[in-house]
Amino acid sequence: MRSGVRQSRRWAIAALLLALITSIAMLFQPIAAVAEDTAAADPVAITVEQVGSTDEYKIKITNTGDQDMLSVSGTTAVPQEIAADGQSESVRWQTGALTSGQSAYVQSEDGRDVTVKVKSAETPSDKPVENPSDDTNNGKDTSTTDKQTAGSAKLSATGSAITVAALFAFALACIGVSMKWQNGRVAVRRTIAAVGSVAMIAAVATAATPQASAAQRTEQYSGIASAITVNGKDYQLTSDVTVAYDDDIVPTETTSIDYAKAMGVGWNLGNSFDGENTDLSVPDTGEEAWGNPKVTRELIHSIKEKGYTSIRMPMTVDRRSTENADAKDGEYRYVIDADWLARYKEVVDWAVDEGLYVMINVHHDSWIWLSSWNGDKSADEYRKYTDFWKQIAAYFADEPSTVSFETINEPQFNDGADQEKQDKLDAINKAAYDIIRATPGNEHRMIVLPTLGTAHDSTDKLQALVDFIKNDLNNDPCVLATVHYYSEWVYSANLGRTGFDESIYGDERTPRNVIDSFADRMNRYFTENGIGLVIGEYGLLAYDSSSDGALQAGEELKYYEYMGTMANENRFSYMFWDNGSGIDRTSYQWKKPLAGKMLEASINGRSSYATRLDTLYLEEDPTGDVKLPLTLNGNEFKGIEGLTEGSDYTYDAASATITLKQDYLAKMYEAKGGYGIIADLTLKFSAGADWHEYVVRSGTPAVNATGTVTGTKSEGLTIPMAFNGAELKNITATENGNRVGPNSGWWQYLQNSGSFSVHYDSADRASGTLTVLPAFFDDGSVTDGDVTFTITFQDGQTLDVNFNIAGEMVALK
């Protein structure tokens, strides 16, 4: 036994020495790696580019390696000699994914371009920094240099098997050496055993701790130099960069959900490449056919600057193709115009260059011609559809994985029962899927499949798509589902329900909680089945109405705020529909600034707002204080811009309630003199968008006609109004005691901008017009006789407006 113990001790000592040697070798391994990597060129190059003729520069990073990058982050040091006042000498930045050869401007954490400000020519620096490189492009304002200082690439902690093995060996050796024979039994030297135990724990921790995804690694590079010329002198900016790679080219079962989360918040390039001149007698004007200007690179860049991470680019192929009736086997009968496709790809590539995910989508073809398909695979519609997808799949096969294909927009079919229509959709989805997967370069590309009509509220349609993905596509993890969401129609299109927390149908359903129901439904059908979801379009149907106030402004903002919260929490990608009424296609600014600010703020967190309406109505000189409850959503109230807490207002944090003081309100009320807005209060919070609360001096609304007001059924009847600061909420139409007008058989209110429209002469809503539209008179329920419009206003006031219909003529009574 004693000789056996001696032999064991010899073995343990040898194991200890071996473990120590292995550990030391492991410790020096990064040093060897550094030495080896030092000789290699950095896979990133950094450029500083002047912004116009200003003293501002943007930082651009280019993936010069041959591997795609998941993300890039770093810091850039700016020489003190050229840094403008307020410019930090160390700039932190990041980018999204960069494919090989791709460039992108670096972003701050809030998603905006990083700008470096330098001293102007009037205050030149005295001494330039010596540039150690002979390769610098002196005399140019912008330059990308090769590696100036040796990079120090280091693999991340993934792949740490050597570490674990060494620690286990060291642990076992320590424990072995600690053993001794004592009084006929094995004893342990506690000191050495403790060392071994610590090593064992470290080994287990190293093996168990998820340092990073098993398919990811990070590499670091320091001292990457960029040349910059300021006021005729050369300087050097140096950057330390961390690059994350994804080495796993085989998708996992959760790829679809993760991909949707990575796509995040998106924007639709609507009414551009999807527009076409539907009058076949006139030439097609391409992307300008529906009134928008040609898409510019600056527009796409502005989308990224606003914080969006993905973009959906609808295309309508219909008039951008020609039929080759003599096509032989293997040739396309329906050929997409090469110039048009190249132009579309140019815009796709602009978005890719910005680091955006891109969803290529075949759009209005769904109703222009595909809806007529009879289900026969030998029919022209099926041949056209498959020919189009063969060309699209091949043309974009070399795009990075951040580009996905959506098979068809809002699929619909004219004939057949519901199941027949579903069978047609399954057939075209399968055709596009097979074509895409068979095209080299698209083996693992994300394919986005719609429900029938992109419906979200039909459990049959949702289940049909789930079954199709599971059974017909073998549960391909690189397939996403898509639906569209425009809320409940009576709120979204304004059929008299304007409040985000207002009961829609007289029960517990509100626009807010139907979003919750929508999310639950999407998770139940898609997420729980491992399928990622893209809400390919969302918004409110009355967003771009020509009728003033078709959406109550503050209640509209609450919808955007909550939609962002819901989608982010559930890992859905969600894409705002914009046909040109959202972002101005020339100035690149939001046409509705407050809506734009809320849409952008919802990307990264929650915003706060008034619990009730965004307007406080004062119908008479204030005789007391007015309370304004807030919904904080986790933020803190910071104050009211321009007002003094204590004298103008007070705030109770426990109840999150602002109290506007009587003296302040009375002063503003008297100063106004007439009807309208007496104060636009900008409420500030610790995070999110500002909230605007309007205080309005209001009176009793009335018809403002001094003479005979007439119109016709075909052109409508326009009635002058004295709104006196009031905001219209809804209208009910009656004739002979019965409700009349479109939808009157099931609904009590007319549609704003459908049956009537409102126009206020100014933001004060002192006066304006109410127009009864031809669509109201066209409804079969409306006959000759006297009609009463009962108008309800947001402050609760009501007004009856009467007119008479006699044949084609309509006259105010």
# chains A, B, ... in the order shown; residues from 1 in each chain; ligands from 1

$ residues_around --residues "Val709 of chain A" --least-positions-apart "3" --cutoff "10 Å" --atoms "only C-alpha atoms" --output "NGL selection string"
:A and (705-706 or 717-720 or 803 or 810-813)

$ closest_residue --among "A:Asp349, A:Glu288, A:Glu56, A:Asp85" --to "Gln102 of chain A" --atoms "only C-alpha atoms"
A:Asp349

$ closest_residue --among "A:Asp690, A:Asp680, A:Asp434, A:Asp544" --to "Lys390 of chain A" --atoms "only C-alpha atoms"
A:Asp434

$ select_by_dssp --residues "segment 235-458 of chain A" --states "strand (DSSP E or B)" --output "short mmCIF file (atom, residue, chain, number, x, y, z; two decimals) with N, CA, C and O atoms, in the first residue's frame"
data_model
loop_
_atom_site.label_atom_id
_atom_site.label_comp_id
_atom_site.auth_asym_id
_atom_site.auth_seq_id
_atom_site.Cartn_x
_atom_site.Cartn_y
_atom_site.Cartn_z
N TYR A 235 -3.18 65.40 -39.77
CA TYR A 235 -3.33 64.85 -38.43
C TYR A 235 -3.72 63.39 -38.56
O TYR A 235 -4.01 62.89 -39.64
N GLN A 236 -3.74 62.73 -37.42
CA GLN A 236 -4.06 61.31 -37.42
C GLN A 236 -5.09 61.00 -36.33
O GLN A 236 -4.91 61.38 -35.18
N LEU A 237 -6.18 60.35 -36.72
CA LEU A 237 -7.14 59.81 -35.78
C LEU A 237 -6.83 58.33 -35.61
O LEU A 237 -6.57 57.63 -36.61
N THR A 238 -6.82 57.83 -34.40
CA THR A 238 -6.55 56.41 -34.16
C THR A 238 -7.76 55.77 -33.53
O THR A 238 -8.44 56.37 -32.69
N SER A 239 -8.00 54.54 -33.93
CA SER A 239 -9.21 53.83 -33.48
C SER A 239 -8.86 52.46 -32.93
O SER A 239 -7.99 51.77 -33.48
N ASP A 240 -9.53 52.09 -31.85
CA ASP A 240 -9.51 50.73 -31.33
C ASP A 240 -10.85 50.11 -31.66
O ASP A 240 -11.91 50.67 -31.36
N VAL A 241 -10.81 48.92 -32.28
CA VAL A 241 -12.02 48.34 -32.86
C VAL A 241 -12.23 46.93 -32.35
O VAL A 241 -11.27 46.15 -32.20
N THR A 242 -13.48 46.58 -32.06
CA THR A 242 -13.88 45.22 -31.71
C THR A 242 -14.87 44.73 -32.76
O THR A 242 -15.88 45.39 -33.03
N VAL A 243 -14.57 43.58 -33.35
CA VAL A 243 -15.41 43.00 -34.39
C VAL A 243 -16.00 41.68 -33.89
O VAL A 243 -15.27 40.84 -33.34
N ALA A 244 -17.31 41.52 -34.05
CA ALA A 244 -17.97 40.26 -33.72
C ALA A 244 -18.29 39.51 -35.01
O ALA A 244 -18.84 40.08 -35.96
N TYR A 245 -17.90 38.24 -35.05
CA TYR A 245 -18.14 37.38 -36.21
C TYR A 245 -19.12 36.28 -35.83
O TYR A 245 -19.22 35.90 -34.66
N ASP A 246 -19.80 35.77 -36.80
CA ASP A 246 -20.65 34.61 -36.62
C ASP A 246 -20.13 33.51 -37.54
O ASP A 246 -20.22 33.62 -38.75
N VAL A 265 -37.24 47.39 -35.81
CA VAL A 265 -38.21 48.38 -36.29
C VAL A 265 -37.89 48.77 -37.73
O VAL A 265 -36.74 49.03 -38.07
N GLY A 266 -38.91 48.80 -38.56
CA GLY A 266 -38.69 49.05 -39.98
C GLY A 266 -39.61 50.11 -40.55
O GLY A 266 -40.54 50.59 -39.90
N TRP A 267 -39.35 50.46 -41.78
CA TRP A 267 -40.07 51.51 -42.51
C TRP A 267 -40.33 51.02 -43.93
O TRP A 267 -39.48 50.38 -44.54
N ASN A 268 -41.51 51.32 -44.42
CA ASN A 268 -41.90 50.92 -45.78
C ASN A 268 -41.63 52.04 -46.78
O ASN A 268 -42.07 53.18 -46.59
N SER A 310 -34.48 48.36 -40.27
CA SER A 310 -34.87 47.56 -41.44
C SER A 310 -35.76 48.39 -42.35
O SER A 310 -36.33 49.41 -41.94
N ILE A 311 -35.87 47.94 -43.58
CA ILE A 311 -36.67 48.65 -44.57
C ILE A 311 -37.35 47.63 -45.47
O ILE A 311 -36.74 46.65 -45.89
N ARG A 312 -38.61 47.83 -45.73
CA ARG A 312 -39.36 46.99 -46.67
C ARG A 312 -39.50 47.77 -47.96
O ARG A 312 -39.92 48.92 -47.95
N MET A 313 -39.13 47.13 -49.08
CA MET A 313 -39.13 47.82 -50.37
C MET A 313 -40.11 47.15 -51.33
O MET A 313 -39.74 46.26 -52.09
N PRO A 314 -41.38 47.56 -51.27
CA PRO A 314 -42.37 46.97 -52.18
C PRO A 314 -42.03 47.25 -53.64
O PRO A 314 -41.63 48.36 -54.00
N MET A 315 -42.19 46.24 -54.47
CA MET A 315 -42.03 46.41 -55.92
C MET A 315 -43.24 45.80 -56.61
O MET A 315 -43.75 44.76 -56.21
N SER A 321 -42.30 44.48 -67.09
CA SER A 321 -41.93 43.22 -67.74
C SER A 321 -42.56 43.14 -69.12
O SER A 321 -43.52 43.86 -69.42
N THR A 322 -42.01 42.27 -69.93
CA THR A 322 -42.55 42.05 -71.27
C THR A 322 -42.74 40.55 -71.49
O THR A 322 -42.04 39.73 -70.87
N GLU A 323 -43.67 40.20 -72.34
CA GLU A 323 -43.94 38.78 -72.61
C GLU A 323 -43.19 38.35 -73.88
O GLU A 323 -43.29 39.00 -74.92
N TYR A 334 -41.97 35.63 -69.32
CA TYR A 334 -42.21 36.98 -68.80
C TYR A 334 -40.88 37.51 -68.26
O TYR A 334 -40.36 37.02 -67.26
N VAL A 335 -40.35 38.51 -68.94
CA VAL A 335 -39.00 38.99 -68.66
C VAL A 335 -39.06 40.36 -67.99
O VAL A 335 -39.66 41.31 -68.52
N ILE A 336 -38.44 40.47 -66.83
CA ILE A 336 -38.41 41.74 -66.11
C ILE A 336 -37.44 42.69 -66.81
O ILE A 336 -36.34 42.29 -67.21
N TYR A 357 -31.48 45.97 -42.56
CA TYR A 357 -32.09 44.76 -43.10
C TYR A 357 -33.07 45.20 -44.19
O TYR A 357 -33.76 46.22 -44.05
N VAL A 358 -33.14 44.43 -45.26
CA VAL A 358 -33.99 44.79 -46.40
C VAL A 358 -34.94 43.64 -46.71
O VAL A 358 -34.52 42.48 -46.79
N MET A 359 -36.22 43.98 -46.87
CA MET A 359 -37.20 42.97 -47.25
C MET A 359 -37.69 43.30 -48.66
O MET A 359 -38.37 44.32 -48.88
N ILE A 360 -37.30 42.48 -49.62
CA ILE A 360 -37.74 42.63 -51.01
C ILE A 360 -39.13 42.01 -51.11
O ILE A 360 -39.34 40.86 -50.72
N ASN A 361 -40.07 42.77 -51.64
CA ASN A 361 -41.47 42.36 -51.58
C ASN A 361 -42.16 42.56 -52.93
O ASN A 361 -42.10 43.66 -53.49
N VAL A 362 -42.77 41.51 -53.48
CA VAL A 362 -43.61 41.64 -54.67
C VAL A 362 -44.98 42.12 -54.19
O VAL A 362 -45.62 41.47 -53.37
N VAL A 403 -30.69 40.60 -46.38
CA VAL A 403 -31.74 40.81 -47.38
C VAL A 403 -32.64 39.58 -47.41
O VAL A 403 -32.16 38.45 -47.55
N SER A 404 -33.92 39.79 -47.25
CA SER A 404 -34.88 38.69 -47.26
C SER A 404 -35.88 38.87 -48.39
O SER A 404 -36.00 39.96 -48.96
N PHE A 405 -36.62 37.79 -48.71
CA PHE A 405 -37.60 37.80 -49.79
C PHE A 405 -39.00 37.57 -49.22
O PHE A 405 -39.23 36.58 -48.52
N GLU A 406 -39.92 38.48 -49.52
CA GLU A 406 -41.33 38.29 -49.17
C GLU A 406 -42.08 37.90 -50.44
O GLU A 406 -42.05 38.62 -51.43
N ILE A 447 -37.00 33.74 -45.97
CA ILE A 447 -38.16 33.87 -46.83
C ILE A 447 -39.35 34.23 -45.96
O ILE A 447 -39.60 33.59 -44.94
N VAL A 448 -40.07 35.26 -46.35
CA VAL A 448 -41.19 35.78 -45.56
C VAL A 448 -42.49 35.39 -46.24
O VAL A 448 -42.72 35.73 -47.40
N LEU A 449 -43.35 34.68 -45.51
CA LEU A 449 -44.59 34.16 -46.07
C LEU A 449 -45.79 34.81 -45.39
O LEU A 449 -45.86 34.88 -44.16
N PRO A 450 -46.77 35.28 -46.19
CA PRO A 450 -47.95 35.93 -45.61
C PRO A 450 -49.08 34.95 -45.33
O PRO A 450 -49.19 33.89 -45.95
#

$ atom_distance --atom1 "atom CA of Val479 of chain A" --atom2 "atom CA of Phe518 of chain A"
20.6 Å

$ closest_residue --among "A:Asp614, A:Asp274, A:Glu636, A:Glu49" --to "Leu681 of chain A" --atoms "only C-alpha atoms"
A:Asp614

$ select_by_dssp --residues "segment 550-580 of chain A" --states "alpha helix (DSSP H)" --output "PyMOL selection string"
chain A and resi 553-570

$ closest_residue --among "A:Ser222, A:Thr386, A:Thr650, A:Thr771" --to "Gly711 of chain A" --atoms "only C-alpha atoms"
A:Thr771

$ closest_residue --among "A:Asp778, A:Glu670, A:Glu81, A:Glu561" --to "Gly688 of chain A" --atoms "only C-alpha atoms"
A:Glu561

$ residues_around --residues "Val91 of chain A" --least-positions-apart "2" --cutoff "9 Å" --atoms "only C-alpha atoms" --output "number ranges by chain"
A: 74-78, 87-89, 93, 114, 116

$ write_last_selection --atoms "N, CA, C and O atoms" --output "PDB file, in the first residue's frame"
ATOM      1  N   GLY A  74     -16.247  50.452 -31.326  1.00  0.00           N
ATOM      2  CA  GLY A  74     -14.906  50.935 -31.051  1.00  0.00           C
ATOM      3  C   GLY A  74     -14.896  52.341 -30.516  1.00  0.00           C
ATOM      4  O   GLY A  74     -15.935  52.954 -30.245  1.00  0.00           O
ATOM      5  N   THR A  75     -13.692  52.847 -30.355  1.00  0.00           N
ATOM      6  CA  THR A  75     -13.475  54.233 -29.952  1.00  0.00           C
ATOM      7  C   THR A  75     -12.448  54.849 -30.888  1.00  0.00           C
ATOM      8  O   THR A  75     -11.517  54.167 -31.330  1.00  0.00           O
ATOM      9  N   THR A  76     -12.621  56.121 -31.181  1.00  0.00           N
ATOM     10  CA  THR A  76     -11.692  56.856 -32.035  1.00  0.00           C
ATOM     11  C   THR A  76     -11.160  58.057 -31.260  1.00  0.00           C
ATOM     12  O   THR A  76     -11.946  58.840 -30.704  1.00  0.00           O
ATOM     13  N   ALA A  77      -9.831  58.156 -31.205  1.00  0.00           N
ATOM     14  CA  ALA A  77      -9.192  59.264 -30.509  1.00  0.00           C
ATOM     15  C   ALA A  77      -8.996  60.438 -31.461  1.00  0.00           C
ATOM     16  O   ALA A  77      -8.483  60.271 -32.570  1.00  0.00           O
ATOM     17  N   VAL A  78      -9.427  61.621 -31.039  1.00  0.00           N
ATOM     18  CA  VAL A  78      -9.309  62.836 -31.832  1.00  0.00           C
ATOM     19  C   VAL A  78      -8.205  63.702 -31.222  1.00  0.00           C
ATOM     20  O   VAL A  78      -8.246  64.006 -30.032  1.00  0.00           O
ATOM     21  N   GLN A  87     -15.982  69.036 -28.238  1.00  0.00           N
ATOM     22  CA  GLN A  87     -15.738  67.753 -28.890  1.00  0.00           C
ATOM     23  C   GLN A  87     -14.914  66.864 -27.974  1.00  0.00           C
ATOM     24  O   GLN A  87     -13.840  67.236 -27.531  1.00  0.00           O
ATOM     25  N   SER A  88     -15.453  65.685 -27.679  1.00  0.00           N
ATOM     26  CA  SER A  88     -14.714  64.744 -26.840  1.00  0.00           C
ATOM     27  C   SER A  88     -13.478  64.249 -27.588  1.00  0.00           C
ATOM     28  O   SER A  88     -13.493  64.089 -28.811  1.00  0.00           O
ATOM     29  N   GLU A  89     -12.397  64.017 -26.848  1.00  0.00           N
ATOM     30  CA  GLU A  89     -11.175  63.507 -27.476  1.00  0.00           C
ATOM     31  C   GLU A  89     -11.231  61.999 -27.695  1.00  0.00           C
ATOM     32  O   GLU A  89     -10.342  61.439 -28.333  1.00  0.00           O
ATOM     33  N   TRP A  93     -18.431  54.510 -30.636  1.00  0.00           N
ATOM     34  CA  TRP A  93     -19.341  54.304 -31.748  1.00  0.00           C
ATOM     35  C   TRP A  93     -19.607  52.823 -31.955  1.00  0.00           C
ATOM     36  O   TRP A  93     -18.966  51.951 -31.337  1.00  0.00           O
ATOM     37  N   VAL A 114     -22.271  59.411 -35.970  1.00  0.00           N
ATOM     38  CA  VAL A 114     -21.301  60.102 -35.122  1.00  0.00           C
ATOM     39  C   VAL A 114     -20.628  61.196 -35.949  1.00  0.00           C
ATOM     40  O   VAL A 114     -20.181  60.957 -37.067  1.00  0.00           O
ATOM     41  N   VAL A 116     -17.637  64.189 -35.882  1.00  0.00           N
ATOM     42  CA  VAL A 116     -16.458  64.752 -35.228  1.00  0.00           C
ATOM     43  C   VAL A 116     -16.343  66.217 -35.647  1.00  0.00           C
ATOM     44  O   VAL A 116     -16.309  66.523 -36.843  1.00  0.00           O
TER      45      VAL A 116
END

$ atom_distance --atom1 "atom CA of Tyr486 of chain A" --atom2 "atom CA of Arg445 of chain A"
28.2 Å

$ atom_distance --atom1 "atom CA of Gly65 of chain A" --atom2 "atom CA of Ser401 of chain A"
16.7 Å

$ residues_around --residues "segment 523-539 of chain A" --least-positions-apart "3" --cutoff "8 Å" --atoms "only C-alpha atoms" --output "PDB file with C-alpha atoms, in the first residue's frame"
ATOM      1  CA  GLU A 253     -34.063  26.202 -34.885  1.00  0.00           C
ATOM      2  CA  THR A 254     -34.516  29.671 -33.372  1.00  0.00           C
ATOM      3  CA  SER A 256     -36.330  32.783 -37.557  1.00  0.00           C
ATOM      4  CA  ILE A 257     -37.283  34.393 -34.244  1.00  0.00           C
ATOM      5  CA  ASP A 258     -33.799  35.820 -33.699  1.00  0.00           C
ATOM      6  CA  TYR A 259     -33.783  37.217 -37.234  1.00  0.00           C
ATOM      7  CA  ALA A 260     -37.094  39.003 -36.684  1.00  0.00           C
ATOM      8  CA  ASN A 268     -41.897  50.923 -45.777  1.00  0.00           C
ATOM      9  CA  ARG A 312     -39.360  46.992 -46.672  1.00  0.00           C
ATOM     10  CA  VAL A 448     -41.185  35.780 -45.560  1.00  0.00           C
ATOM     11  CA  LEU A 462     -53.028  31.782 -39.008  1.00  0.00           C
ATOM     12  CA  GLN A 463     -53.188  28.035 -38.450  1.00  0.00           C
ATOM     13  CA  VAL A 466     -48.311  27.400 -39.449  1.00  0.00           C
ATOM     14  CA  PRO A 477     -35.988  27.652 -39.586  1.00  0.00           C
ATOM     15  CA  VAL A 479     -38.890  31.119 -42.842  1.00  0.00           C
ATOM     16  CA  LEU A 480     -40.713  34.064 -41.293  1.00  0.00           C
ATOM     17  CA  ALA A 481     -44.442  34.753 -41.105  1.00  0.00           C
ATOM     18  CA  THR A 482     -45.927  38.151 -41.884  1.00  0.00           C
ATOM     19  CA  VAL A 483     -49.225  39.884 -41.151  1.00  0.00           C
ATOM     20  CA  HIS A 484     -50.369  43.515 -41.307  1.00  0.00           C
ATOM     21  CA  TYR A 485     -51.833  45.416 -38.368  1.00  0.00           C
ATOM     22  CA  TYR A 486     -53.865  48.622 -38.591  1.00  0.00           C
ATOM     23  CA  SER A 487     -55.815  48.200 -35.332  1.00  0.00           C
ATOM     24  CA  ALA A 519     -49.589  39.979 -29.540  1.00  0.00           C
ATOM     25  CA  ASP A 520     -50.948  36.976 -27.638  1.00  0.00           C
ATOM     26  CA  TYR A 543     -53.107  58.776 -40.959  1.00  0.00           C
ATOM     27  CA  TYR A 560     -47.445  54.445 -31.867  1.00  0.00           C
ATOM     28  CA  ASN A 570     -42.332  40.185 -28.104  1.00  0.00           C
ATOM     29  CA  PHE A 572     -41.483  40.995 -33.507  1.00  0.00           C
ATOM     30  CA  SER A 573     -40.167  43.046 -36.390  1.00  0.00           C
ATOM     31  CA  TYR A 574     -42.606  45.874 -37.140  1.00  0.00           C
ATOM     32  CA  MET A 575     -42.619  48.180 -40.153  1.00  0.00           C
ATOM     33  CA  PHE A 576     -44.404  51.531 -40.369  1.00  0.00           C
ATOM     34  CA  TRP A 577     -46.345  51.992 -43.609  1.00  0.00           C
TER      35      TRP A 577
END

$ closest_residue --among "A:Asn579, A:Thr115, A:Val352, A:Ala84" --to "Ser272 of chain A" --atoms "only C-alpha atoms"
A:Asn579

$ residues_around --residues "Glu620 of chain A" --least-positions-apart "3" --cutoff "10 Å" --atoms "only C-alpha atoms" --output "ChimeraX atom specification"
/A:617,623,666,669,697-699

$ residues_around --residues "Ala550 of chain A" --least-positions-apart "4" --cutoff "7 Å" --atoms "only C-alpha atoms" --output "ChimeraX atom specification"
/A:494,542,545,752-753
